[in-house]
$ cat final-v8.cif   # mmCIF, C-alpha atoms
data_target
loop_
_atom_site.label_atom_id
_atom_site.label_comp_id
_atom_site.auth_asym_id
_atom_site.auth_seq_id
_atom_site.Cartn_x
_atom_site.Cartn_y
_atom_site.Cartn_z
CA MET U 7 0.00 0.00 0.00
CA ASP U 8 1.54 3.35 -1.04
CA GLU U 9 1.77 6.41 1.20
CA ARG U 10 -1.30 8.10 -0.31
CA ALA U 11 -3.44 5.02 0.27
CA VAL U 12 -2.25 4.85 3.88
CA GLU U 13 -3.05 8.54 4.34
CA ARG U 14 -6.55 8.08 2.87
CA ALA U 15 -7.15 5.12 5.19
CA GLU U 16 -6.07 7.15 8.23
CA VAL U 17 -8.27 10.10 7.25
CA GLY U 18 -11.23 7.79 6.64
CA GLY U 19 -10.70 6.09 9.99
CA GLY U 20 -10.55 9.48 11.72
CA ALA U 21 -13.81 10.57 10.10
CA GLU U 22 -15.52 7.36 11.23
CA ALA U 23 -14.23 7.73 14.82
CA ILE U 24 -15.50 11.31 15.04
CA ARG U 25 -18.88 10.26 13.61
CA GLN U 26 -19.22 7.54 16.26
CA ILE U 27 -18.56 9.96 19.11
CA VAL U 28 -21.08 12.46 17.70
CA GLU U 29 -23.72 9.75 17.37
CA ASN U 30 -23.04 8.63 20.93
CA LEU U 31 -23.60 12.17 22.20
CA ALA U 32 -26.89 12.36 20.27
CA VAL U 33 -28.21 9.41 22.29
CA VAL U 34 -28.16 11.58 25.43
CA VAL U 35 -28.26 15.23 24.37
CA ARG U 36 -31.15 16.61 22.31
CA ALA U 37 -29.15 19.30 20.54
CA PRO U 38 -28.47 20.25 16.90
CA GLU U 39 -26.03 17.83 15.25
CA GLU U 40 -23.70 20.72 14.37
CA THR U 41 -23.41 21.66 18.05
CA LEU U 42 -22.47 18.08 18.98
CA ARG U 43 -20.03 17.95 16.07
CA LEU U 44 -18.35 21.19 17.13
CA THR U 45 -17.95 19.79 20.63
CA VAL U 46 -16.08 16.77 19.29
CA LEU U 47 -14.04 18.93 16.88
CA CYS U 48 -12.91 21.00 19.88
CA LEU U 49 -11.60 17.82 21.50
CA VAL U 50 -9.81 16.74 18.31
CA ALA U 51 -8.30 20.22 17.92
CA GLU U 52 -6.88 19.95 21.48
CA GLY U 53 -8.83 23.00 22.55
CA HIS U 54 -11.20 24.01 25.33
CA LEU U 55 -14.93 24.58 25.18
CA ILE U 56 -17.31 27.09 26.72
CA ILE U 57 -21.00 26.19 26.68
CA GLU U 58 -23.19 29.25 27.13
CA ASP U 59 -26.94 28.88 27.26
CA PHE U 60 -30.06 29.15 29.40
CA PRO U 61 -30.47 26.99 32.52
CA GLY U 62 -31.79 23.48 32.09
CA VAL U 63 -31.06 22.93 28.38
CA GLY U 64 -28.39 20.26 28.95
CA LYS U 65 -25.04 22.07 29.23
CA THR U 66 -23.75 19.81 32.01
CA MET U 67 -25.31 16.76 30.34
CA LEU U 68 -23.35 17.47 27.15
CA ALA U 69 -20.06 17.63 29.07
CA LYS U 70 -20.82 14.41 30.96
CA ALA U 71 -21.91 12.60 27.80
CA LEU U 72 -18.64 13.52 26.05
CA ALA U 73 -16.65 12.25 29.04
CA ARG U 74 -18.55 8.96 28.99
CA SER U 75 -18.22 8.60 25.22
CA VAL U 76 -14.44 8.64 25.58
CA ASP U 77 -12.99 6.25 28.15
CA CYS U 78 -11.04 8.89 30.09
CA SER U 79 -10.94 10.31 33.61
CA PHE U 80 -13.55 12.95 34.38
CA SER U 81 -13.79 15.59 37.09
CA ARG U 82 -16.36 18.27 37.88
CA ILE U 83 -16.04 21.53 39.83
CA GLN U 84 -18.96 23.71 40.83
CA PHE U 85 -17.58 27.25 40.82
CA THR U 86 -18.84 29.37 43.73
CA PRO U 87 -17.74 32.76 45.11
CA ASP U 88 -15.90 31.15 48.06
CA LEU U 89 -13.89 28.69 45.93
CA LEU U 90 -10.10 29.06 46.22
CA PRO U 91 -7.45 28.44 43.52
CA SER U 92 -6.07 25.53 45.58
CA ASP U 93 -9.52 23.90 45.41
CA VAL U 94 -8.94 23.67 41.66
CA THR U 95 -5.23 22.90 41.28
CA GLY U 96 -4.46 21.03 44.49
CA VAL U 97 -2.42 21.84 47.58
CA ASN U 98 0.69 20.75 49.49
CA VAL U 99 -0.25 19.11 52.79
CA PHE U 100 2.17 18.42 55.66
CA ASN U 101 2.46 14.71 56.44
CA GLN U 102 3.30 14.29 60.12
CA LYS U 103 4.46 10.70 59.63
CA THR U 104 7.14 11.59 57.09
CA ASN U 105 7.73 15.19 58.27
CA GLU U 106 7.41 16.29 54.65
CA PHE U 107 4.93 18.15 52.50
CA GLU U 108 3.11 16.03 49.94
CA PHE U 109 1.05 17.20 47.00
CA ARG U 110 -2.67 16.44 46.93
CA PRO U 111 -3.85 16.85 43.30
CA GLY U 112 -6.99 18.90 42.71
CA PRO U 113 -9.88 18.17 40.31
CA VAL U 114 -7.92 19.67 37.42
CA PHE U 115 -5.91 16.44 37.20
CA ALA U 116 -8.32 14.67 34.86
CA ASN U 117 -8.65 14.26 31.10
CA PHE U 118 -12.02 16.02 31.05
CA LEU U 119 -12.68 18.86 33.48
CA LEU U 120 -16.21 20.25 33.74
CA VAL U 121 -16.28 23.72 35.29
CA ASP U 122 -19.92 24.44 36.10
CA GLU U 123 -20.93 28.12 36.15
CA ILE U 124 -17.39 29.38 35.66
CA ASN U 125 -18.45 33.02 36.12
CA ARG U 126 -19.63 32.35 39.70
CA ALA U 127 -16.08 32.22 41.10
CA SER U 128 -13.78 35.17 41.76
CA PRO U 129 -11.23 36.24 39.12
CA LYS U 130 -8.47 34.86 41.37
CA THR U 131 -9.98 31.37 41.17
CA GLN U 132 -10.81 31.70 37.48
CA SER U 133 -7.15 32.49 36.81
CA ALA U 134 -6.16 29.14 38.33
CA LEU U 135 -7.26 27.62 35.03
CA LEU U 136 -5.10 29.86 32.81
CA GLU U 137 -1.85 27.90 33.06
CA CYS U 138 -3.43 24.47 32.68
CA MET U 139 -5.48 25.58 29.65
CA GLN U 140 -2.46 27.09 27.89
CA GLU U 141 0.45 24.93 29.00
CA ASN U 142 -1.23 21.64 30.00
CA GLN U 143 0.49 21.85 33.37
CA VAL U 144 -0.12 23.12 36.90
CA THR U 145 2.43 24.90 39.08
CA VAL U 146 2.01 24.74 42.85
CA ASP U 147 4.63 26.23 45.20
CA GLY U 148 7.16 26.45 42.38
CA VAL U 149 6.78 22.83 41.24
CA SER U 150 5.15 22.08 37.87
CA TYR U 151 3.00 19.01 37.30
CA GLU U 152 2.13 17.81 33.81
CA LEU U 153 -1.49 17.10 32.84
CA ALA U 154 -1.97 13.88 30.89
CA PRO U 155 -3.37 14.28 27.36
CA PRO U 156 -6.06 14.51 26.21
CA PHE U 157 -6.97 17.45 28.44
CA LEU U 158 -10.20 19.34 27.80
CA VAL U 159 -11.77 22.07 29.94
CA MET U 160 -15.52 22.39 29.40
CA ALA U 161 -16.95 25.45 31.14
CA THR U 162 -20.62 26.39 31.39
CA GLN U 163 -22.15 29.75 32.06
CA ASN U 164 -25.58 31.36 32.03
CA PRO U 165 -25.80 34.31 29.58
CA ILE U 166 -28.76 36.05 31.22
CA GLU U 167 -28.09 35.97 34.95
CA TYR U 168 -25.31 38.38 35.89
CA GLU U 169 -26.14 39.10 39.51
CA GLY U 170 -23.39 37.69 41.74
CA THR U 171 -21.16 36.74 38.81
CA TYR U 172 -17.67 37.71 37.69
CA PRO U 173 -17.52 38.01 33.88
CA LEU U 174 -14.56 36.19 32.37
CA PRO U 175 -11.69 38.52 31.39
CA GLU U 176 -10.78 38.76 27.72
CA ALA U 177 -7.48 36.93 28.27
CA GLN U 178 -9.33 33.90 29.60
CA LEU U 179 -12.08 33.95 26.98
CA ASP U 180 -9.32 33.93 24.36
CA ARG U 181 -8.10 30.60 25.71
CA PHE U 182 -11.41 28.91 24.98
CA THR U 183 -11.20 27.50 21.47
CA LEU U 184 -14.93 27.34 20.84
CA ARG U 185 -18.17 28.64 22.27
CA VAL U 186 -21.34 26.69 21.58
CA ALA U 187 -25.00 26.98 22.58
CA ILE U 188 -27.49 24.12 22.79
CA GLY U 189 -30.84 25.91 22.56
CA TYR U 190 -34.29 24.48 23.19
CA PRO U 191 -35.08 21.19 21.41
CA PRO U 192 -37.92 20.84 18.87
CA LEU U 193 -41.28 19.77 20.31
CA PRO U 194 -41.04 16.04 19.40
CA GLU U 195 -37.49 15.82 20.72
CA GLU U 196 -38.39 17.57 23.97
CA ALA U 197 -41.37 15.24 24.49
CA ARG U 198 -39.12 12.23 23.88
CA MET U 199 -36.54 13.64 26.27
CA LEU U 200 -39.16 13.95 29.04
CA THR U 201 -40.01 10.26 28.65
CA GLU U 202 -36.35 9.18 28.70
CA GLN U 203 -35.24 11.31 31.63
CA THR U 204 -38.17 10.26 33.84
CA SER U 205 -37.90 6.51 33.19
CA ASP U 206 -34.44 5.36 32.08
CA PRO U 207 -31.92 8.21 31.70
CA PRO U 208 -29.70 7.32 28.70
CA LEU U 209 -26.59 8.83 30.32
CA GLU U 210 -26.54 6.03 32.91
CA SER U 211 -26.15 3.33 30.27
CA LEU U 212 -23.95 5.26 27.81
CA GLN U 213 -20.89 3.24 26.78
CA PRO U 214 -17.56 4.65 25.55
CA VAL U 215 -16.86 4.44 21.83
CA ALA U 216 -13.27 5.74 21.96
CA SER U 217 -10.26 5.68 24.27
CA ALA U 218 -7.68 8.27 25.29
CA ALA U 219 -5.27 6.73 22.77
CA ASP U 220 -7.91 7.11 20.03
CA VAL U 221 -8.34 10.80 20.85
CA ARG U 222 -4.58 11.36 20.84
CA GLY U 223 -4.46 9.63 17.45
CA LEU U 224 -7.24 11.84 16.09
CA ALA U 225 -5.45 14.96 17.34
CA ALA U 226 -2.22 13.82 15.67
CA ALA U 227 -4.08 13.08 12.42
CA ALA U 228 -5.70 16.53 12.48
CA THR U 229 -2.32 18.25 12.77
CA GLU U 230 -1.20 16.44 9.59
CA VAL U 231 -4.10 17.81 7.51
CA TYR U 232 -2.67 19.93 4.69
CA VAL U 233 -3.26 23.70 4.63
CA GLU U 234 -2.46 25.66 1.48
CA GLU U 235 -0.59 28.94 1.96
CA SER U 236 -3.47 30.94 0.45
CA LEU U 237 -5.73 29.64 3.25
CA ASN U 238 -3.24 30.81 5.86
CA ARG U 239 -3.42 34.27 4.31
CA TYR U 240 -7.23 34.05 4.23
CA VAL U 241 -7.32 33.39 7.99
CA VAL U 242 -4.97 36.32 8.62
CA ALA U 243 -7.15 38.54 6.40
CA LEU U 244 -10.20 37.61 8.50
CA LEU U 245 -8.35 38.49 11.70
CA ARG U 246 -7.14 41.81 10.34
CA GLN U 247 -10.61 42.68 9.12
CA THR U 248 -11.92 42.37 12.71
CA ARG U 249 -9.07 44.52 14.02
CA SER U 250 -9.85 47.33 11.59
CA ASP U 251 -13.63 47.22 12.13
CA ALA U 252 -14.71 50.42 13.92
CA ARG U 253 -17.67 48.53 15.41
CA LEU U 254 -15.26 46.39 17.41
CA TYR U 255 -13.39 47.65 20.45
CA LEU U 256 -11.10 44.60 20.28
CA GLY U 257 -10.54 42.33 17.29
CA ALA U 258 -9.30 38.75 17.04
CA SER U 259 -5.81 37.85 18.30
CA PRO U 260 -3.18 35.67 16.60
CA ARG U 261 -4.17 32.94 19.09
CA ALA U 262 -7.66 33.13 17.60
CA GLY U 263 -6.20 32.48 14.15
CA ILE U 264 -4.32 29.42 15.42
CA ALA U 265 -7.51 28.10 17.02
CA LEU U 266 -9.49 28.76 13.83
CA LEU U 267 -7.05 26.79 11.70
CA ARG U 268 -6.86 23.91 14.18
CA VAL U 269 -10.63 23.52 14.27
CA ALA U 270 -10.79 23.84 10.47
CA LYS U 271 -8.26 20.98 10.23
CA ALA U 272 -10.36 18.88 12.61
CA ARG U 273 -13.46 19.58 10.47
CA ALA U 274 -11.63 18.51 7.32
CA LEU U 275 -10.63 15.28 9.06
CA ALA U 276 -14.23 14.72 10.16
CA ASP U 277 -15.31 15.09 6.52
CA GLY U 278 -12.75 12.51 5.41
CA ARG U 279 -10.43 14.98 3.68
CA GLY U 280 -6.68 15.38 4.05
CA PHE U 281 -6.76 19.09 3.21
CA VAL U 282 -8.53 22.20 4.51
CA SER U 283 -10.95 24.08 2.25
CA PRO U 284 -12.22 27.66 2.63
CA ASP U 285 -15.61 26.21 3.60
CA ASP U 286 -14.01 24.59 6.66
CA VAL U 287 -12.75 27.98 7.83
CA LYS U 288 -16.07 29.71 7.14
CA ALA U 289 -18.10 26.98 8.88
CA VAL U 290 -16.22 27.25 12.19
CA ALA U 291 -15.35 30.98 12.15
CA GLU U 292 -18.34 32.15 14.21
CA PRO U 293 -18.06 29.67 17.12
CA VAL U 294 -14.28 30.19 17.22
CA LEU U 295 -14.12 33.98 16.91
CA ALA U 296 -17.38 35.53 18.18
CA HIS U 297 -16.69 35.18 21.92
CA ARG U 298 -13.22 36.69 21.55
CA LEU U 299 -14.44 39.97 20.06
CA ILE U 300 -15.42 43.00 22.15
CA VAL U 301 -18.21 44.92 20.46
CA ALA U 302 -17.93 48.72 20.72
CA PRO U 303 -20.63 50.40 22.87
CA GLU U 304 -22.26 52.12 19.88
CA ALA U 305 -22.56 48.86 17.94
CA ARG U 306 -23.80 47.01 21.03
CA SER U 307 -26.51 49.61 21.57
CA ALA U 308 -27.55 49.07 17.94
CA GLY U 309 -28.12 45.39 18.76
CA LEU U 310 -25.03 43.97 17.05
CA THR U 311 -23.27 40.92 18.51
CA GLY U 312 -19.89 39.33 17.96
CA GLY U 313 -21.55 36.68 15.80
CA ASP U 314 -23.12 39.31 13.56
CA LEU U 315 -19.75 40.95 12.99
CA VAL U 316 -18.01 37.63 12.28
CA ARG U 317 -20.62 36.86 9.59
CA ASP U 318 -20.16 40.36 8.17
CA THR U 319 -16.38 39.85 8.13
CA LEU U 320 -16.79 36.58 6.22
CA GLU U 321 -18.95 38.32 3.62
CA HIS U 322 -16.46 41.11 3.03
CA THR U 323 -13.23 39.08 2.96
CA PRO U 324 -12.28 37.63 -0.46
CA VAL U 325 -12.13 33.84 -0.45
CA PRO U 326 -9.04 32.21 -2.08
CA VAL U 327 -9.87 30.34 -5.27
#

$ encode --input "final-v8.cif" --output "structure tokens"
Amino acid sequence: MDERAVERAEVGGGAEAIRQIVENLAVVVRAPEETLRLTVLCLVAEGHLIIEDFPGVGKTMLAKALARSVDCSFSRIQFTPDLLPSDVTGVNVFNQKTNEFEFRPGPVFANFLLVDEINRASPKTQSALLECMQENQVTVDGVSYELAPPFLVMATQNPIEYEGTYPLPEAQLDRFTLRVAIGYPPLPEEARMLTEQTSDPPLESLQPVASAADVRGLAAAATEVYVEESLNRYVVALLRQTRSDARLYLGASPRAGIALLRVAKARALADGRGFVSPDDVKAVAEPVLAHRLIVAPEARSAGLTGGDLVRDTLEHTPVPV
């Protein structure tokens, strides 16, 4: 078998593995297929996910279903105003038997970390996640501890209730690769969900369809997806368009461009292709970029959102042929 045939087989296998995880999520979560697909693409792109939606639509359920679909360790933290950074990362405790300090790992030492209501905790506690999200490590008292891959932070927050919350700073929002919303399910789906959740909740019997090694393999395959130089320039043009838009107080950063290309590569892999197309970039631009943009007060008062401006940017940026 020649190299091209091997590459096609690997890409096809990656697409099938991603499809299986998405279908497994759909057993539990009544959400649009594209939302479930983006969640899995975030994992394949080695990113982090923020799920922002109204209470009770299944944000936590989505995170738990993803953790159960992949046979990895899972941890959950409920962020509250009195939570301390050491409650997240871990702490050194003095052992009287050995007369030495020993490290007690915190919940962050898991493959999948669910941070429920991330904007409920103080900025000091929120910042405890910055190093682990960027560097895949935790430093406590000058000693760094590696986090085993895959490592995915899934944070939830309520977009309408701001009383008693601490909005995430721009630097932390920029570290979240994607932002997704679930929304309310269609009437038939919601009726079916009521029956399931009140008799035999599907999450309890959900079986894994992938392992940690599978996810690491998917991530490695995604990095090998080919990107033409003109597409690199297209991504940069999109970023620069946001930076020059007077309706935006802050445009997209270079980190946003890296995230956009990584997710576009993951999408190409999910479609069974070994190369990125402009459609891949356009399809994931809004969930990757919208939460990173700060809309100027005048534009915000006119009802414009980050998503609106991303779509406008896509329309006004020439696509490479």

$ closest_residue --input "final-v8.cif" --among "U:Ala296, U:Leu310, U:Ala225, U:Ala177" --to "U:Val50" --atoms "all atoms listed in the file"
U:Ala225

$ residues_around --input "final-v8.cif" --residues "stretch 151-156 of chain U" --least-positions-apart "2" --cutoff "10 Å" --atoms "all atoms listed in the file" --output "number ranges by chain"
U: 49-50, 52-53, 78-79, 95, 111, 114-118, 138-139, 141-146, 148-149, 158, 217-222, 225

$ residues_around --input "final-v8.cif" --residues "U:Pro165" --least-positions-apart "3" --cutoff "7 Å" --atoms "all atoms listed in the file" --output "ChimeraX atom specification"
/U:58-60

$ residues_around --input "final-v8.cif" --residues "U:Val46" --least-positions-apart "2" --cutoff "10 Å" --atoms "all atoms listed in the file" --output "list in words"
Ile24, Arg25, Ile27, Val28, Leu31, Glu40, Thr41, Leu42, Arg43, Leu44, Cys48, Leu49, Val50, Ala51, Glu52, Leu55, Leu72, Val221, Ala272, Arg273 and Ala276 of chain U

$ residues_around --input "final-v8.cif" --residues "U:Leu90" --least-positions-apart "4" --cutoff "10 Å" --atoms "all atoms listed in the file" --output "ChimeraX atom specification"
/U:85-86,94-96,127-128,130-132,134

$ resolve_selection --input "final-v8.cif" --expression "the PyMOL selection byres ((chain U and resi 327) around 10)" --output "PyMOL selection string"
chain U and resi 236-237+283-284+324-326

$ closest_residue --input "final-v8.cif" --among "U:Thr45, U:Gln140, U:Thr162, U:Thr248" --to "U:Val301" --atoms "all atoms listed in the file"
U:Thr248

$ resolve_selection --input "final-v8.cif" --expression "the PyMOL selection byres ((chain U and resi 17) around 12)" --output "short mmCIF file (atom, residue, chain, number, x, y, z; two decimals) with C-alpha atoms, in the frame of the given file"
data_model
loop_
_atom_site.label_atom_id
_atom_site.label_comp_id
_atom_site.auth_asym_id
_atom_site.auth_seq_id
_atom_site.Cartn_x
_atom_site.Cartn_y
_atom_site.Cartn_z
CA ARG U 10 -1.30 8.10 -0.31
CA ALA U 11 -3.44 5.02 0.27
CA VAL U 12 -2.25 4.85 3.88
CA GLU U 13 -3.05 8.54 4.34
CA ARG U 14 -6.55 8.08 2.87
CA ALA U 15 -7.15 5.12 5.19
CA GLU U 16 -6.07 7.15 8.23
CA GLY U 18 -11.23 7.79 6.64
CA GLY U 19 -10.70 6.09 9.99
CA GLY U 20 -10.55 9.48 11.72
CA ALA U 21 -13.81 10.57 10.10
CA GLU U 22 -15.52 7.36 11.23
CA ALA U 23 -14.23 7.73 14.82
CA ILE U 24 -15.50 11.31 15.04
CA GLY U 223 -4.46 9.63 17.45
CA LEU U 224 -7.24 11.84 16.09
CA ALA U 225 -5.45 14.96 17.34
CA ALA U 226 -2.22 13.82 15.67
CA ALA U 227 -4.08 13.08 12.42
CA ALA U 228 -5.70 16.53 12.48
CA THR U 229 -2.32 18.25 12.77
CA GLU U 230 -1.20 16.44 9.59
CA VAL U 231 -4.10 17.81 7.51
CA TYR U 232 -2.67 19.93 4.69
CA LYS U 271 -8.26 20.98 10.23
CA ALA U 272 -10.36 18.88 12.61
CA ARG U 273 -13.46 19.58 10.47
CA ALA U 274 -11.63 18.51 7.32
CA LEU U 275 -10.63 15.28 9.06
CA ALA U 276 -14.23 14.72 10.16
CA ASP U 277 -15.31 15.09 6.52
CA GLY U 278 -12.75 12.51 5.41
CA ARG U 279 -10.43 14.98 3.68
CA GLY U 280 -6.68 15.38 4.05
CA PHE U 281 -6.76 19.09 3.21
#

$ residues_around --input "final-v8.cif" --residues "U:Tyr240" --least-positions-apart "5" --cutoff "12 Å" --atoms "only C-alpha atoms" --output "PyMOL selection string"
chain U and resi 233-235+245-247+263+266-267+282-288+291+319-320+322-327

$ write_last_selection --input "final-v8.cif" --atoms "C-alpha atoms" --output "CSV table (one decimal), keeping the file's coordinate frame"
chain,number,residue,atom,x,y,z
U,233,VAL,CA,-3.3,23.7,4.6
U,234,GLU,CA,-2.5,25.7,1.5
U,235,GLU,CA,-0.6,28.9,2.0
U,245,LEU,CA,-8.4,38.5,11.7
U,246,ARG,CA,-7.1,41.8,10.3
U,247,GLN,CA,-10.6,42.7,9.1
U,263,GLY,CA,-6.2,32.5,14.2
U,266,LEU,CA,-9.5,28.8,13.8
U,267,LEU,CA,-7.0,26.8,11.7
U,282,VAL,CA,-8.5,22.2,4.5
U,283,SER,CA,-11.0,24.1,2.2
U,284,PRO,CA,-12.2,27.7,2.6
U,285,ASP,CA,-15.6,26.2,3.6
U,286,ASP,CA,-14.0,24.6,6.7
U,287,VAL,CA,-12.8,28.0,7.8
U,288,LYS,CA,-16.1,29.7,7.1
U,291,ALA,CA,-15.4,31.0,12.2
U,319,THR,CA,-16.4,39.8,8.1
U,320,LEU,CA,-16.8,36.6,6.2
U,322,HIS,CA,-16.5,41.1,3.0
U,323,THR,CA,-13.2,39.1,3.0
U,324,PRO,CA,-12.3,37.6,-0.5
U,325,VAL,CA,-12.1,33.8,-0.4
U,326,PRO,CA,-9.0,32.2,-2.1
U,327,VAL,CA,-9.9,30.3,-5.3

$ atom_distance --input "final-v8.cif" --atom1 "atom CA of U:Asn238" --atom2 "atom CA of U:Gly313"
21.6 Å

$ atom_distance --input "final-v8.cif" --atom1 "atom CA of U:Ala308" --atom2 "atom CA of U:Arg249"
19.4 Å

$ atom_distance --input "final-v8.cif" --atom1 "atom CA of U:Ala71" --atom2 "atom CA of U:Glu210"
9.5 Å

$ closest_residue --input "final-v8.cif" --among "U:Ile56, U:Leu209, U:Glu106, U:Pro175" --to "U:Val121" --atoms "all atoms listed in the file"
U:Ile56

$ resolve_selection --input "final-v8.cif" --expression "the PyMOL selection byres ((chain U and resi 211) around 12)" --output "list in words"
Asn30, Val33, Val34, Ala71, Arg74, Ser75, Glu202, Asp206, Pro207, Pro208, Leu209, Glu210, Leu212, Gln213 and Pro214 of chain U

$ write_last_selection --input "final-v8.cif" --atoms "C-alpha atoms" --output "PDB file, keeping the file's coordinate frame"
ATOM      1  CA  ASN U  30     -23.040   8.630  20.930  1.00  0.00           C
ATOM      2  CA  VAL U  33     -28.210   9.410  22.290  1.00  0.00           C
ATOM      3  CA  VAL U  34     -28.160  11.580  25.430  1.00  0.00           C
ATOM      4  CA  ALA U  71     -21.910  12.600  27.800  1.00  0.00           C
ATOM      5  CA  ARG U  74     -18.550   8.960  28.990  1.00  0.00           C
ATOM      6  CA  SER U  75     -18.220   8.600  25.220  1.00  0.00           C
ATOM      7  CA  GLU U 202     -36.350   9.180  28.700  1.00  0.00           C
ATOM      8  CA  ASP U 206     -34.440   5.360  32.080  1.00  0.00           C
ATOM      9  CA  PRO U 207     -31.920   8.210  31.700  1.00  0.00           C
ATOM     10  CA  PRO U 208     -29.700   7.320  28.700  1.00  0.00           C
ATOM     11  CA  LEU U 209     -26.590   8.830  30.320  1.00  0.00           C
ATOM     12  CA  GLU U 210     -26.540   6.030  32.910  1.00  0.00           C
ATOM     13  CA  LEU U 212     -23.950   5.260  27.810  1.00  0.00           C
ATOM     14  CA  GLN U 213     -20.890   3.240  26.780  1.00  0.00           C
ATOM     15  CA  PRO U 214     -17.560   4.650  25.550  1.00  0.00           C
TER      16      PRO U 214
END

$ closest_residue --input "final-v8.cif" --among "U:Val35, U:Ala216, U:Leu68, U:Val316" --to "U:Glu292" --atoms "only C-alpha atoms"
U:Val316
